[in-house]
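Structure data follow from upload.pdb (PDB, C-alpha atoms):
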```pdb
ATOM      1  CA  MET A   1       2.305   8.369 -23.763
ATOM      2  CA  ALA A   2       5.614   7.725 -22.022
ATOM      3  CA  GLY A   3       5.918   9.551 -18.732
ATOM      4  CA  GLY A   4       2.261  10.616 -18.787
ATOM      5  CA  ARG A   5      -0.317   9.972 -16.121
ATOM      6  CA  SER A   6      -3.243   7.628 -16.463
ATOM      7  CA  LYS A   7      -6.467   7.604 -14.544
ATOM      8  CA  ILE A   8      -9.217   5.061 -14.395
ATOM      9  CA  ARG A   9     -12.563   6.092 -15.799
ATOM     10  CA  ARG A  10     -15.034   4.068 -13.748
ATOM     11  CA  GLY A  11     -18.349   5.207 -15.162
ATOM     12  CA  GLY A  12     -20.251   2.422 -16.942
ATOM     13  CA  TRP A  13     -18.107  -0.416 -15.694
ATOM     14  CA  GLN A  14     -19.808  -3.343 -14.042
ATOM     15  CA  ALA A  15     -18.166  -6.098 -12.030
ATOM     16  CA  ALA A  16     -18.084  -7.856  -8.694
ATOM     17  CA  GLY A  17     -16.445  -5.748  -6.034
ATOM     18  CA  GLY A  18     -16.582  -2.669  -8.257
ATOM     19  CA  CYS A  19     -13.873  -3.723 -10.709
ATOM     20  CA  ALA A  20     -13.912  -4.296 -14.416
ATOM     21  CA  VAL A  21     -14.222  -7.949 -15.359
ATOM     22  CA  ALA A  22     -17.485  -8.509 -17.156
ATOM     23  CA  ARG A  23     -17.393  -5.648 -19.653
ATOM     24  CA  SER A  24     -14.856  -3.894 -21.833
ATOM     25  CA  ALA A  25     -12.689  -1.529 -19.816
ATOM     26  CA  ARG A  26     -11.229   1.740 -21.001
ATOM     27  CA  VAL A  27      -8.207   3.434 -19.506
ATOM     28  CA  GLN A  28      -8.018   7.195 -19.879
ATOM     29  CA  TYR A  29      -4.594   8.643 -20.619
ATOM     30  CA  MET A  30      -3.479  12.226 -21.086
ATOM     31  CA  GLY A  31      -3.546  11.809 -24.811
ATOM     32  CA  GLY A  32      -6.406   9.476 -25.484
ATOM     33  CA  MET A  33      -8.288   6.348 -24.553
ATOM     34  CA  ALA A  34      -7.050   2.775 -24.702
ATOM     35  CA  ASP A  35      -9.273  -0.286 -24.831
ATOM     36  CA  GLU A  36      -8.390  -2.955 -22.302
ATOM     37  CA  PRO A  37      -9.461  -6.593 -22.349
ATOM     38  CA  ASP A  38     -10.776  -7.456 -18.943
ATOM     39  CA  GLN A  39     -11.231 -11.224 -19.092
ATOM     40  CA  PRO A  40     -10.395 -13.128 -15.916
ATOM     41  CA  ARG A  41      -6.650 -13.436 -15.299
ATOM     42  CA  VAL A  42      -4.485 -16.072 -13.685
ATOM     43  CA  ILE A  43      -2.838 -14.155 -10.838
ATOM     44  CA  ALA A  44      -0.073 -15.106  -8.435
ATOM     45  CA  PHE A  45      -0.609 -13.247  -5.155
ATOM     46  CA  ILE A  46       2.217 -13.176  -2.624
ATOM     47  CA  GLY A  47       1.711 -11.729   0.869
ATOM     48  CA  LEU A  48      -1.435 -12.322   2.930
ATOM     49  CA  GLY A  49      -1.036  -9.917   5.813
ATOM     50  CA  VAL A  50      -3.375  -7.271   7.213
ATOM     51  CA  MET A  51      -4.038  -5.827   3.757
ATOM     52  CA  GLY A  52      -3.062  -8.606   1.366
ATOM     53  CA  SER A  53      -5.729 -11.089   2.468
ATOM     54  CA  SER A  54      -8.544  -8.633   1.749
ATOM     55  CA  MET A  55      -7.014  -7.594  -1.557
ATOM     56  CA  ALA A  56      -6.648 -11.190  -2.710
ATOM     57  CA  GLY A  57     -10.253 -11.811  -1.713
ATOM     58  CA  HIS A  58     -11.471  -9.022  -3.982
ATOM     59  CA  LEU A  59      -9.648 -10.598  -6.918
ATOM     60  CA  LEU A  60     -11.375 -13.923  -6.244
ATOM     61  CA  SER A  61     -14.735 -12.181  -6.017
ATOM     62  CA  ALA A  62     -14.082 -10.592  -9.399
ATOM     63  CA  GLY A  63     -13.650 -14.009 -10.998
ATOM     64  CA  HIS A  64      -9.877 -14.104 -11.339
ATOM     65  CA  SER A  65      -7.997 -17.369 -10.799
ATOM     66  CA  LEU A  66      -5.660 -17.020  -7.839
ATOM     67  CA  ARG A  67      -2.522 -18.837  -6.726
ATOM     68  CA  VAL A  68      -1.405 -17.632  -3.319
ATOM     69  CA  HIS A  69       1.784 -17.828  -1.304
ATOM     70  CA  SER A  70       2.654 -16.490   2.120
ATOM     71  CA  ARG A  71       5.290 -17.288   4.732
ATOM     72  CA  THR A  72       2.472 -18.567   6.955
ATOM     73  CA  LYS A  73       0.203 -20.992   5.097
ATOM     74  CA  THR A  74      -2.575 -20.761   7.682
ATOM     75  CA  ARG A  75      -3.234 -17.194   6.515
ATOM     76  CA  ALA A  76      -4.328 -18.612   3.164
ATOM     77  CA  ALA A  77      -6.944 -20.977   4.607
ATOM     78  CA  GLY A  78      -9.937 -18.720   3.957
ATOM     79  CA  LEU A  79      -8.846 -17.944   0.397
ATOM     80  CA  ILE A  80      -8.169 -21.605  -0.353
ATOM     81  CA  ALA A  81     -11.654 -22.447   0.912
ATOM     82  CA  ARG A  82     -12.998 -19.944  -1.629
ATOM     83  CA  GLY A  83     -11.100 -21.510  -4.526
ATOM     84  CA  ALA A  84      -7.575 -20.111  -4.463
ATOM     85  CA  ALA A  85      -4.719 -22.561  -4.998
ATOM     86  CA  TRP A  86      -1.771 -22.719  -2.607
ATOM     87  CA  ALA A  87       1.779 -22.498  -4.026
ATOM     88  CA  ASP A  88       4.913 -23.516  -2.124
ATOM     89  CA  SER A  89       7.001 -20.635  -3.502
ATOM     90  CA  PRO A  90       6.604 -17.376  -5.428
ATOM     91  CA  ALA A  91       8.004 -19.156  -8.503
ATOM     92  CA  ASP A  92       5.375 -21.888  -8.259
ATOM     93  CA  ALA A  93       2.633 -19.288  -7.831
ATOM     94  CA  ALA A  94       3.840 -17.365 -10.882
ATOM     95  CA  ARG A  95       4.342 -20.333 -13.204
ATOM     96  CA  GLY A  96       1.895 -19.839 -16.070
ATOM     97  CA  ALA A  97       0.321 -16.758 -14.452
ATOM     98  CA  ASP A  98      -0.580 -13.561 -16.289
ATOM     99  CA  MET A  99       0.739 -11.439 -13.438
ATOM    100  CA  ALA A 100       2.392 -11.729 -10.054
ATOM    101  CA  ILE A 101       1.193  -9.312  -7.363
ATOM    102  CA  SER A 102       3.085  -8.851  -4.114
ATOM    103  CA  ILE A 103       2.410  -6.906  -0.934
ATOM    104  CA  VAL A 104       4.979  -7.931   1.662
ATOM    105  CA  GLY A 105       6.910  -6.253   4.463
ATOM    106  CA  TYR A 106      10.350  -4.959   3.549
ATOM    107  CA  PRO A 107      12.517  -4.279   0.489
ATOM    108  CA  ASP A 108      14.530  -7.435   1.228
ATOM    109  CA  ASP A 109      11.265  -9.402   1.084
ATOM    110  CA  VAL A 110      10.384  -7.796  -2.241
ATOM    111  CA  ARG A 111      13.795  -8.683  -3.644
ATOM    112  CA  THR A 112      13.478 -12.312  -2.524
ATOM    113  CA  VAL A 113       9.903 -12.658  -3.801
ATOM    114  CA  HIS A 114      10.696 -11.443  -7.301
ATOM    115  CA  LEU A 115      14.449 -11.756  -7.885
ATOM    116  CA  GLY A 116      15.320 -14.622  -5.534
ATOM    117  CA  GLU A 117      16.189 -18.186  -6.448
ATOM    118  CA  ARG A 118      12.537 -19.226  -6.216
ATOM    119  CA  GLY A 119      11.159 -15.808  -7.099
ATOM    120  CA  THR A 120       8.386 -14.903  -9.489
ATOM    121  CA  LEU A 121      10.773 -14.212 -12.362
ATOM    122  CA  GLU A 122      11.673 -17.894 -12.315
ATOM    123  CA  GLY A 123       8.048 -18.752 -12.969
ATOM    124  CA  LEU A 124       6.659 -16.035 -15.238
ATOM    125  CA  ALA A 125       6.710 -16.768 -18.959
ATOM    126  CA  SER A 126       8.732 -14.490 -21.220
ATOM    127  CA  GLU A 127       5.930 -14.565 -23.803
ATOM    128  CA  GLY A 128       2.332 -13.502 -23.399
ATOM    129  CA  GLY A 129       2.765 -10.167 -21.662
ATOM    130  CA  SER A 130       3.154 -11.332 -18.056
ATOM    131  CA  VAL A 131       3.735  -8.542 -15.508
ATOM    132  CA  ILE A 132       5.089  -8.180 -11.976
ATOM    133  CA  VAL A 133       3.051  -5.789  -9.815
ATOM    134  CA  ASP A 134       4.708  -4.922  -6.509
ATOM    135  CA  MET A 135       2.293  -3.146  -4.176
ATOM    136  CA  THR A 136       4.643  -3.091  -1.187
ATOM    137  CA  THR A 137       5.947   0.281  -0.044
ATOM    138  CA  SER A 138       9.580  -0.126  -1.027
ATOM    139  CA  GLN A 139      12.617   1.640  -2.465
ATOM    140  CA  PRO A 140      12.306   3.459  -5.807
ATOM    141  CA  SER A 141      15.731   2.104  -6.742
ATOM    142  CA  LEU A 142      14.550  -1.470  -6.161
ATOM    143  CA  ALA A 143      11.494  -0.856  -8.342
ATOM    144  CA  ARG A 144      13.830   0.205 -11.147
ATOM    145  CA  GLU A 145      16.042  -2.841 -10.541
ATOM    146  CA  ILE A 146      13.054  -5.178 -10.784
ATOM    147  CA  HIS A 147      11.925  -3.424 -13.962
ATOM    148  CA  GLU A 148      15.341  -3.932 -15.568
ATOM    149  CA  ALA A 149      15.624  -7.575 -14.491
ATOM    150  CA  ALA A 150      12.090  -8.295 -15.710
ATOM    151  CA  ALA A 151      12.637  -6.516 -19.032
ATOM    152  CA  ALA A 152      15.724  -8.651 -19.644
ATOM    153  CA  ARG A 153      13.459 -11.708 -19.463
ATOM    154  CA  GLY A 154      10.638 -10.251 -21.539
ATOM    155  CA  VAL A 155       8.410  -9.562 -18.515
ATOM    156  CA  GLY A 156       6.799  -6.258 -17.537
ATOM    157  CA  ALA A 157       7.093  -4.687 -14.086
ATOM    158  CA  VAL A 158       4.963  -2.118 -12.287
ATOM    159  CA  ASP A 159       5.433  -0.550  -8.859
ATOM    160  CA  ALA A 160       2.010   0.184  -7.364
ATOM    161  CA  PRO A 161       2.171   0.962  -3.631
ATOM    162  CA  VAL A 162      -1.112   1.729  -1.913
ATOM    163  CA  SER A 163      -2.587   3.966   0.755
ATOM    164  CA  GLY A 164      -5.746   3.429   2.790
ATOM    165  CA  GLY A 165      -4.724   0.839   5.352
ATOM    166  CA  ASP A 166      -6.816  -2.131   6.444
ATOM    167  CA  VAL A 167     -10.065  -0.215   5.902
ATOM    168  CA  GLY A 168      -9.192   0.669   2.315
ATOM    169  CA  ALA A 169      -8.084  -2.898   1.633
ATOM    170  CA  ARG A 170     -11.326  -4.356   3.019
ATOM    171  CA  ASN A 171     -13.515  -1.904   1.118
ATOM    172  CA  ALA A 172     -11.483  -1.925  -2.122
ATOM    173  CA  THR A 173     -11.075   1.849  -1.832
ATOM    174  CA  LEU A 174      -7.289   2.043  -1.812
ATOM    175  CA  SER A 175      -5.388   4.851  -3.470
ATOM    176  CA  ILE A 176      -2.884   3.230  -5.825
ATOM    177  CA  MET A 177       0.239   5.074  -6.980
ATOM    178  CA  VAL A 178       1.594   3.505 -10.141
ATOM    179  CA  GLY A 179       5.010   3.596 -11.768
ATOM    180  CA  GLY A 180       6.125   1.752 -14.885
ATOM    181  CA  ALA A 181       6.214   1.694 -18.661
ATOM    182  CA  PRO A 182       2.861   2.687 -20.210
ATOM    183  CA  ASP A 183       2.214  -0.679 -21.874
ATOM    184  CA  ALA A 184       2.776  -2.629 -18.649
ATOM    185  CA  VAL A 185       0.675  -0.177 -16.641
ATOM    186  CA  GLU A 186      -2.119  -0.276 -19.185
ATOM    187  CA  SER A 187      -2.261  -4.073 -19.061
ATOM    188  CA  VAL A 188      -2.765  -4.245 -15.292
ATOM    189  CA  MET A 189      -5.173  -1.337 -14.840
ATOM    190  CA  PRO A 190      -8.388  -3.412 -15.027
ATOM    191  CA  VAL A 191      -7.102  -5.663 -12.228
ATOM    192  CA  LEU A 192      -6.051  -2.724 -10.077
ATOM    193  CA  THR A 193      -9.610  -1.412 -10.214
ATOM    194  CA  CYS A 194     -10.620  -4.435  -8.127
ATOM    195  CA  LEU A 195      -8.511  -3.034  -5.306
ATOM    196  CA  GLY A 196      -8.848   0.735  -5.347
ATOM    197  CA  ARG A 197     -10.767   3.785  -6.504
ATOM    198  CA  ASN A 198      -8.067   6.349  -7.137
ATOM    199  CA  ILE A 199      -5.441   4.954  -9.484
ATOM    200  CA  GLU A 200      -2.856   7.287 -11.011
ATOM    201  CA  HIS A 201       0.040   6.475 -13.306
ATOM    202  CA  GLN A 202       2.767   8.742 -11.928
ATOM    203  CA  GLY A 203       5.546   8.050 -14.431
ATOM    204  CA  GLY A 204       8.259   5.507 -15.172
ATOM    205  CA  PRO A 205       9.628   2.712 -12.955
ATOM    206  CA  GLY A 206      10.012   3.908  -9.362
ATOM    207  CA  ALA A 207       7.613   6.849  -9.728
ATOM    208  CA  GLY A 208       4.907   5.020  -7.791
ATOM    209  CA  GLN A 209       7.300   4.453  -4.891
ATOM    210  CA  HIS A 210       8.414   8.093  -4.903
ATOM    211  CA  THR A 211       4.755   9.145  -4.736
ATOM    212  CA  LYS A 212       4.188   6.783  -1.806
ATOM    213  CA  MET A 213       7.065   8.494   0.010
ATOM    214  CA  VAL A 214       5.166  11.782  -0.384
ATOM    215  CA  ASN A 215       2.129  10.024   1.098
ATOM    216  CA  GLN A 216       4.089   8.720   4.086
ATOM    217  CA  ILE A 217       5.687  12.109   4.759
ATOM    218  CA  LEU A 218       2.212  13.655   4.836
ATOM    219  CA  ILE A 219       0.852  10.938   7.136
ATOM    220  CA  ALA A 220       3.812  11.257   9.511
ATOM    221  CA  GLY A 221       3.224  14.958  10.037
ATOM    222  CA  THR A 222      -0.543  14.537  10.214
ATOM    223  CA  MET A 223      -0.355  11.775  12.820
ATOM    224  CA  MET A 224       1.773  13.971  15.063
ATOM    225  CA  GLY A 225      -0.878  16.677  14.759
ATOM    226  CA  VAL A 226      -3.765  14.265  15.379
ATOM    227  CA  CYS A 227      -2.196  12.897  18.551
ATOM    228  CA  GLU A 228      -1.211  16.290  19.904
ATOM    229  CA  GLY A 229      -4.624  17.759  19.066
ATOM    230  CA  LEU A 230      -6.484  14.958  20.842
ATOM    231  CA  ALA A 231      -4.116  15.203  23.814
ATOM    232  CA  TYR A 232      -4.962  18.917  24.002
ATOM    233  CA  ALA A 233      -8.691  18.169  23.768
ATOM    234  CA  ARG A 234      -8.426  15.652  26.597
ATOM    235  CA  ALA A 235      -6.447  18.033  28.819
ATOM    236  CA  ALA A 236      -9.038  20.767  28.167
ATOM    237  CA  GLY A 237     -11.868  18.460  29.260
ATOM    238  CA  LEU A 238     -13.530  18.338  25.835
ATOM    239  CA  ASP A 239     -15.590  15.498  24.417
ATOM    240  CA  GLY A 240     -13.190  13.914  21.928
ATOM    241  CA  GLY A 241     -15.950  12.556  19.703
ATOM    242  CA  LYS A 242     -17.549  15.979  19.347
ATOM    243  CA  VAL A 243     -14.163  17.550  18.685
ATOM    244  CA  ILE A 244     -13.515  15.095  15.826
ATOM    245  CA  ALA A 245     -16.998  15.765  14.423
ATOM    246  CA  SER A 246     -16.198  19.491  14.278
ATOM    247  CA  VAL A 247     -12.606  19.563  13.108
ATOM    248  CA  GLY A 248     -12.923  16.516  10.867
ATOM    249  CA  ALA A 249     -15.436  18.369   8.701
ATOM    250  CA  GLY A 250     -13.360  21.530   8.453
ATOM    251  CA  ALA A 251      -9.977  22.608   7.151
ATOM    252  CA  ALA A 252      -8.218  20.220   9.568
ATOM    253  CA  GLY A 253     -10.161  17.229   8.266
ATOM    254  CA  SER A 254      -8.130  14.227   7.146
ATOM    255  CA  TRP A 255      -8.374  10.480   6.810
ATOM    256  CA  SER A 256      -6.184  10.174   9.904
ATOM    257  CA  ILE A 257      -8.388  12.237  12.235
ATOM    258  CA  ASN A 258     -11.661  10.820  10.916
ATOM    259  CA  THR A 259     -10.603   7.163  10.761
ATOM    260  CA  LEU A 260      -7.878   6.777  13.365
ATOM    261  CA  GLY A 261      -9.004   9.534  15.744
ATOM    262  CA  PRO A 262     -11.975   7.503  17.054
ATOM    263  CA  ARG A 263      -9.687   4.507  17.530
ATOM    264  CA  ILE A 264      -7.323   6.645  19.599
ATOM    265  CA  LEU A 265     -10.202   7.797  21.805
ATOM    266  CA  LYS A 266     -11.121   4.148  22.450
ATOM    267  CA  GLY A 267      -7.529   3.188  23.194
ATOM    268  CA  ASP A 268      -7.629   0.902  20.143
ATOM    269  CA  PHE A 269      -4.067   0.678  18.868
ATOM    270  CA  GLY A 270      -4.577  -2.453  16.777
ATOM    271  CA  PRO A 271      -2.766  -2.381  13.436
ATOM    272  CA  GLY A 272      -4.292  -1.132  10.253
ATOM    273  CA  PHE A 273      -0.674  -0.556   9.302
ATOM    274  CA  TYR A 274       2.171  -1.754  11.496
ATOM    275  CA  VAL A 275       4.439   0.754  13.232
ATOM    276  CA  GLU A 276       7.487  -1.293  12.251
ATOM    277  CA  HIS A 277       6.547  -0.998   8.583
ATOM    278  CA  PHE A 278       5.908   2.738   8.940
ATOM    279  CA  ILE A 279       9.359   3.196  10.476
ATOM    280  CA  LYS A 280      10.766   1.361   7.460
ATOM    281  CA  ASP A 281       8.903   3.736   5.145
ATOM    282  CA  LEU A 282      10.087   6.848   6.988
ATOM    283  CA  GLY A 283      13.649   5.561   6.779
ATOM    284  CA  ILE A 284      13.342   5.134   3.010
ATOM    285  CA  ALA A 285      11.892   8.637   2.690
ATOM    286  CA  LEU A 286      14.754  10.128   4.712
ATOM    287  CA  GLU A 287      17.320   8.273   2.604
ATOM    288  CA  GLU A 288      15.717   9.480  -0.628
ATOM    289  CA  ALA A 289      15.468  13.033   0.692
ATOM    290  CA  GLU A 290      19.151  13.028   1.621
ATOM    291  CA  ARG A 291      20.058  11.682  -1.811
ATOM    292  CA  MET A 292      18.145  14.589  -3.379
ATOM    293  CA  GLY A 293      19.698  17.156  -1.051
ATOM    294  CA  LEU A 294      16.529  17.787   0.986
ATOM    295  CA  ARG A 295      16.303  18.388   4.730
ATOM    296  CA  LEU A 296      12.883  17.483   6.134
ATOM    297  CA  PRO A 297      12.867  18.292   9.869
ATOM    298  CA  GLY A 298       9.265  17.259  10.460
ATOM    299  CA  LEU A 299       9.969  13.845   8.958
ATOM    300  CA  GLU A 300      13.084  13.518  11.119
ATOM    301  CA  LEU A 301      11.021  14.249  14.248
ATOM    302  CA  ALA A 302       8.322  11.772  13.254
ATOM    303  CA  LYS A 303      10.921   9.055  12.706
ATOM    304  CA  LYS A 304      12.393   9.772  16.153
ATOM    305  CA  LEU A 305       8.975   9.572  17.852
ATOM    306  CA  TYR A 306       8.042   6.345  16.089
ATOM    307  CA  ASP A 307      11.422   4.867  17.034
ATOM    308  CA  GLU A 308      10.526   5.715  20.648
ATOM    309  CA  LEU A 309       7.183   3.947  20.226
ATOM    310  CA  ALA A 310       8.950   0.852  18.900
ATOM    311  CA  ALA A 311      11.314   0.931  21.891
ATOM    312  CA  MET A 312       8.214   0.922  24.125
ATOM    313  CA  GLY A 313       7.112  -2.348  22.520
ATOM    314  CA  GLY A 314       4.790  -0.806  19.925
ATOM    315  CA  SER A 315       6.333  -2.207  16.738
ATOM    316  CA  ARG A 316       3.304  -4.384  15.961
ATOM    317  CA  GLU A 317       0.717  -1.766  16.889
ATOM    318  CA  GLY A 318      -0.996   0.591  14.452
ATOM    319  CA  THR A 319       0.397   4.011  13.572
ATOM    320  CA  GLN A 320      -2.234   5.669  15.806
ATOM    321  CA  ALA A 321      -0.365   4.215  18.803
ATOM    322  CA  LEU A 322       1.891   7.275  18.515
ATOM    323  CA  MET A 323      -0.605   8.697  21.036
ATOM    324  CA  ARG A 324       1.158   6.649  23.708
ATOM    325  CA  VAL A 325       4.402   8.560  23.068
ATOM    326  CA  VAL A 326       2.661  11.939  23.035
ATOM    327  CA  GLU A 327       0.844  11.172  26.288
ATOM    328  CA  GLY A 328       4.065   9.922  27.848
ATOM    329  CA  ILE A 329       5.850  13.150  26.966
ATOM    330  CA  SER A 330       2.938  15.203  28.315
ATOM    331  CA  GLN A 331       2.823  13.289  31.595
ATOM    332  CA  SER A 332       6.558  13.651  32.018
ATOM    333  CA  THR A 333       6.296  17.401  31.413
ATOM    334  CA  ARG A 334       3.461  17.812  33.932
ATOM    335  CA  ALA A 335       5.381  15.840  36.528
ATOM    336  CA  GLY A 336       8.318  18.233  36.219
ATOM    337  CA  PRO A 337      11.977  17.458  36.785
ATOM    338  CA  PRO A 338      12.887  14.874  39.445
TER     339      PRO A 338
END
```

With the file now loaded, output its structure as structure tokens.
Amino acid sequence: MAGGRSKIRRGGWQAAGGCAVARSARVQYMGGMADEPDQPRVIAFIGLGVMGSSMAGHLLSAGHSLRVHSRTKTRAAGLIARGAAWADSPADAARGADMAISIVGYPDDVRTVHLGERGTLEGLASEGGSVIVDMTTSQPSLAREIHEAAAARGVGAVDAPVSGGDVGARNATLSIMVGGAPDAVESVMPVLTCLGRNIEHQGGPGAGQHTKMVNQILIAGTMMGVCEGLAYARAAGLDGGKVIASVGAGAAGSWSINTLGPRILKGDFGPGFYVEHFIKDLGIALEEAERMGLRLPGLELAKKLYDELAAMGGSREGTQALMRVVEGISQSTRAGPP
């Protein structure tokens, strides 16, 4: 099964939040079926930001025992009130846990959380099949490094970045792109079903992160199109809501136009996914593309435009705030040269 893809078969499963906890789970591989025990796990969860808090909540709802850690303890208050235990470090959260899940900001954060002096590898037991699951969008090379460091200590490691933003996290409908050795991936699949609907094993360590780069490249180009299309609709005097209803159901339909388009029309640039994190992702994608000898001009343009948005003070806004850059360019063009 090495290098093959796996996909969750959801039919017949029954659990809180739509994930498999109460009944026997089966994971479908390109080569057969594998039974999975789905008893409640002891899970260390590190990172309680826009998406992490909702994701951790789904795990609690499913009956898992949770130990949480975040740089800001106040973010854990709601989870602690529901029964989660606070840990003062990733190592403390991971001590005695079956798995350690992280969704943090940057590759340096990922490295510190798992490989640092008080990282999860210091706490996870070398016996019993414990696994690191990093769900941050990070570098494929770092995912491989974590896998190697974990393997040296008898611990599994899976890279499982997600797509779907704050809405997908709240509704447990994330798309999860998984990389790792088949045995480690198989062991965490029932838990991942608490967090998403579309879960694909893409290949070995780092393959999940490479797939997420594909996702971010697609979003970057799509967001430029969404913003320019809505700017055109506005300039033409069209009703933006009706425009989205028409094009969102046709060949131009996408998650971005249907979910973020209405927010743009309302001037709602609140973060479902921070601009500063998206810029980080686009930088990783450009670095990987260069390493592979690829030139991606659309990605280069998107990175430039999002850098402009950050320079305007938009780093902590949502990716749909790119509309502010597009409108600024349009207004400058209409005004003509000084």

Taking the file as shown, find all residues satisfying the PyMOL selection byres ((chain A and resi 273-284) around 7) and write them as JSON, numbers by chain. {"A": [105, 137, 139, 165, 166, 216, 271, 272, 285, 286, 287, 288, 303, 306, 314, 315, 316, 317, 318, 319]}

For the residues in that selection, give me C-alpha atoms as a PDB file, in the frame of the given file.
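After the write, result-v7.pdb holds the following:
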```pdb
ATOM      1  CA  GLY A 105       6.910  -6.253   4.463  1.00  0.00           C
ATOM      2  CA  THR A 137       5.947   0.281  -0.044  1.00  0.00           C
ATOM      3  CA  GLN A 139      12.617   1.640  -2.465  1.00  0.00           C
ATOM      4  CA  GLY A 165      -4.724   0.839   5.352  1.00  0.00           C
ATOM      5  CA  ASP A 166      -6.816  -2.131   6.444  1.00  0.00           C
ATOM      6  CA  GLN A 216       4.089   8.720   4.086  1.00  0.00           C
ATOM      7  CA  PRO A 271      -2.766  -2.381  13.436  1.00  0.00           C
ATOM      8  CA  GLY A 272      -4.292  -1.132  10.253  1.00  0.00           C
ATOM      9  CA  ALA A 285      11.892   8.637   2.690  1.00  0.00           C
ATOM     10  CA  LEU A 286      14.754  10.128   4.712  1.00  0.00           C
ATOM     11  CA  GLU A 287      17.320   8.273   2.604  1.00  0.00           C
ATOM     12  CA  GLU A 288      15.717   9.480  -0.628  1.00  0.00           C
ATOM     13  CA  LYS A 303      10.921   9.055  12.706  1.00  0.00           C
ATOM     14  CA  TYR A 306       8.042   6.345  16.089  1.00  0.00           C
ATOM     15  CA  GLY A 314       4.790  -0.806  19.925  1.00  0.00           C
ATOM     16  CA  SER A 315       6.333  -2.207  16.738  1.00  0.00           C
ATOM     17  CA  ARG A 316       3.304  -4.384  15.961  1.00  0.00           C
ATOM     18  CA  GLU A 317       0.717  -1.766  16.889  1.00  0.00           C
ATOM     19  CA  GLY A 318      -0.996   0.591  14.452  1.00  0.00           C
ATOM     20  CA  THR A 319       0.397   4.011  13.572  1.00  0.00           C
TER      21      THR A 319
END
```

Atom CA of Ser330 of chain A and atom CA of Gly241 of chain A, how far apart in Å?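 Computing the Euclidean distance for atom CA of Gly241 of chain A and atom CA of Ser330 of chain A yields 20.9 Å.
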
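Closest approach to Arg82 of chain A among A:Ser187, A:Asp108, A:Leu60, A:Thr222 is made by A:Leu60 (distances from only C-alpha atoms).
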
Determine, using all atoms listed in the file, which residues of segment 113-170 of chain A have any atom at most 12 Å from an atom of segment 197-201 of chain A, and tabulate each with its shortest atom pair and distance in Å to one decimal place, rows ordered by chain and then rising number, as CSV.
```
residue,atom,partner,partner_atom,distance
A:Val158,CA,A:His201,CA,10.0
A:Asp159,CA,A:His201,CA,9.9
A:Ala160,CA,A:His201,CA,8.9
A:Pro161,CA,A:Ile199,CA,10.4
A:Val162,CA,A:Ile199,CA,9.3
A:Ser163,CA,A:Asn198,CA,9.9
A:Gly164,CA,A:Arg197,CA,10.6
A:Gly168,CA,A:Arg197,CA,9.5
A:Ala169,CA,A:Arg197,CA,10.9
```

When you look at Leu230 of chain A with a cut-off of 9 Å (counting all atoms listed in the file), what residues show up, excluding the ones that are within fewer than 5 positions of it in the same chain? I need them as JSON, numbers by chain. {"A": [225, 235, 240, 243, 244, 261, 264, 265, 323]}

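Each of A:Arg118, A:Asn171, A:Thr211, A:Ala81 was compared to Ser138 of chain A using all atoms listed in the file, and A:Thr211 turns out to be the nearest.
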
Which is closer to Ile101 of chain A than all the others in A:Met213, A:Ala233, A:Val133, A:Ala85, using all atoms listed in the file?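 Going through A:Met213, A:Ala233, A:Val133, A:Ala85 one by one, the smallest distance to Ile101 of chain A is for A:Val133.
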
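Between atom CA of Leu322 of chain A and atom CA of Asn215 of chain A lies a distance of 17.6 Å.
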
Calculate how many Å separate atom CA of Val50 of chain A from atom CA of Leu305 of chain A, rounding to one decimal. 23.4 Å

Looking at only C-alpha atoms, which of A:Gly203, A:Gly57, A:Gly208, A:Gly328 is the one that sits closest to Ala143 of chain A?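 Distance minimum relative to Ala143 of chain A lands on A:Gly208.
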
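Of the listed residues A:Gly250, A:Gly128, A:Pro90, A:Gly179, the one whose atoms come nearest to His114 of chain A is A:Pro90, with distances taken using only C-alpha atoms.
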
Return as JSON, numbers by chain the set of residues that the PyMOL selection byres ((chain A and resi 93) around 12) yields on the displayed structure. {"A": [42, 43, 44, 45, 46, 47, 65, 66, 67, 68, 69, 70, 84, 85, 86, 87, 88, 89, 90, 91, 92, 94, 95, 96, 97, 98, 99, 100, 101, 102, 113, 114, 118, 119, 120, 121, 122, 123, 124]}

Residues within 12 Å of (-8.1, 15.9, 8.6), file coords, all atoms listed in the file, listed as a short mmCIF file (atom, residue, chain, number, x, y, z; two decimals) with C-alpha atoms, in the frame of the given file:
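Okay, this is what ended up in out.cif:
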```cif
data_model
loop_
_atom_site.label_atom_id
_atom_site.label_comp_id
_atom_site.auth_asym_id
_atom_site.auth_seq_id
_atom_site.Cartn_x
_atom_site.Cartn_y
_atom_site.Cartn_z
CA LEU A 218 2.21 13.66 4.84
CA ILE A 219 0.85 10.94 7.14
CA GLY A 221 3.22 14.96 10.04
CA THR A 222 -0.54 14.54 10.21
CA MET A 223 -0.36 11.78 12.82
CA MET A 224 1.77 13.97 15.06
CA GLY A 225 -0.88 16.68 14.76
CA VAL A 226 -3.76 14.26 15.38
CA CYS A 227 -2.20 12.90 18.55
CA GLY A 229 -4.62 17.76 19.07
CA VAL A 243 -14.16 17.55 18.68
CA ILE A 244 -13.52 15.10 15.83
CA ALA A 245 -17.00 15.76 14.42
CA SER A 246 -16.20 19.49 14.28
CA VAL A 247 -12.61 19.56 13.11
CA GLY A 248 -12.92 16.52 10.87
CA ALA A 249 -15.44 18.37 8.70
CA GLY A 250 -13.36 21.53 8.45
CA ALA A 251 -9.98 22.61 7.15
CA ALA A 252 -8.22 20.22 9.57
CA GLY A 253 -10.16 17.23 8.27
CA SER A 254 -8.13 14.23 7.15
CA TRP A 255 -8.37 10.48 6.81
CA SER A 256 -6.18 10.17 9.90
CA ILE A 257 -8.39 12.24 12.24
CA ASN A 258 -11.66 10.82 10.92
CA THR A 259 -10.60 7.16 10.76
CA LEU A 260 -7.88 6.78 13.36
CA GLY A 261 -9.00 9.53 15.74
#
```
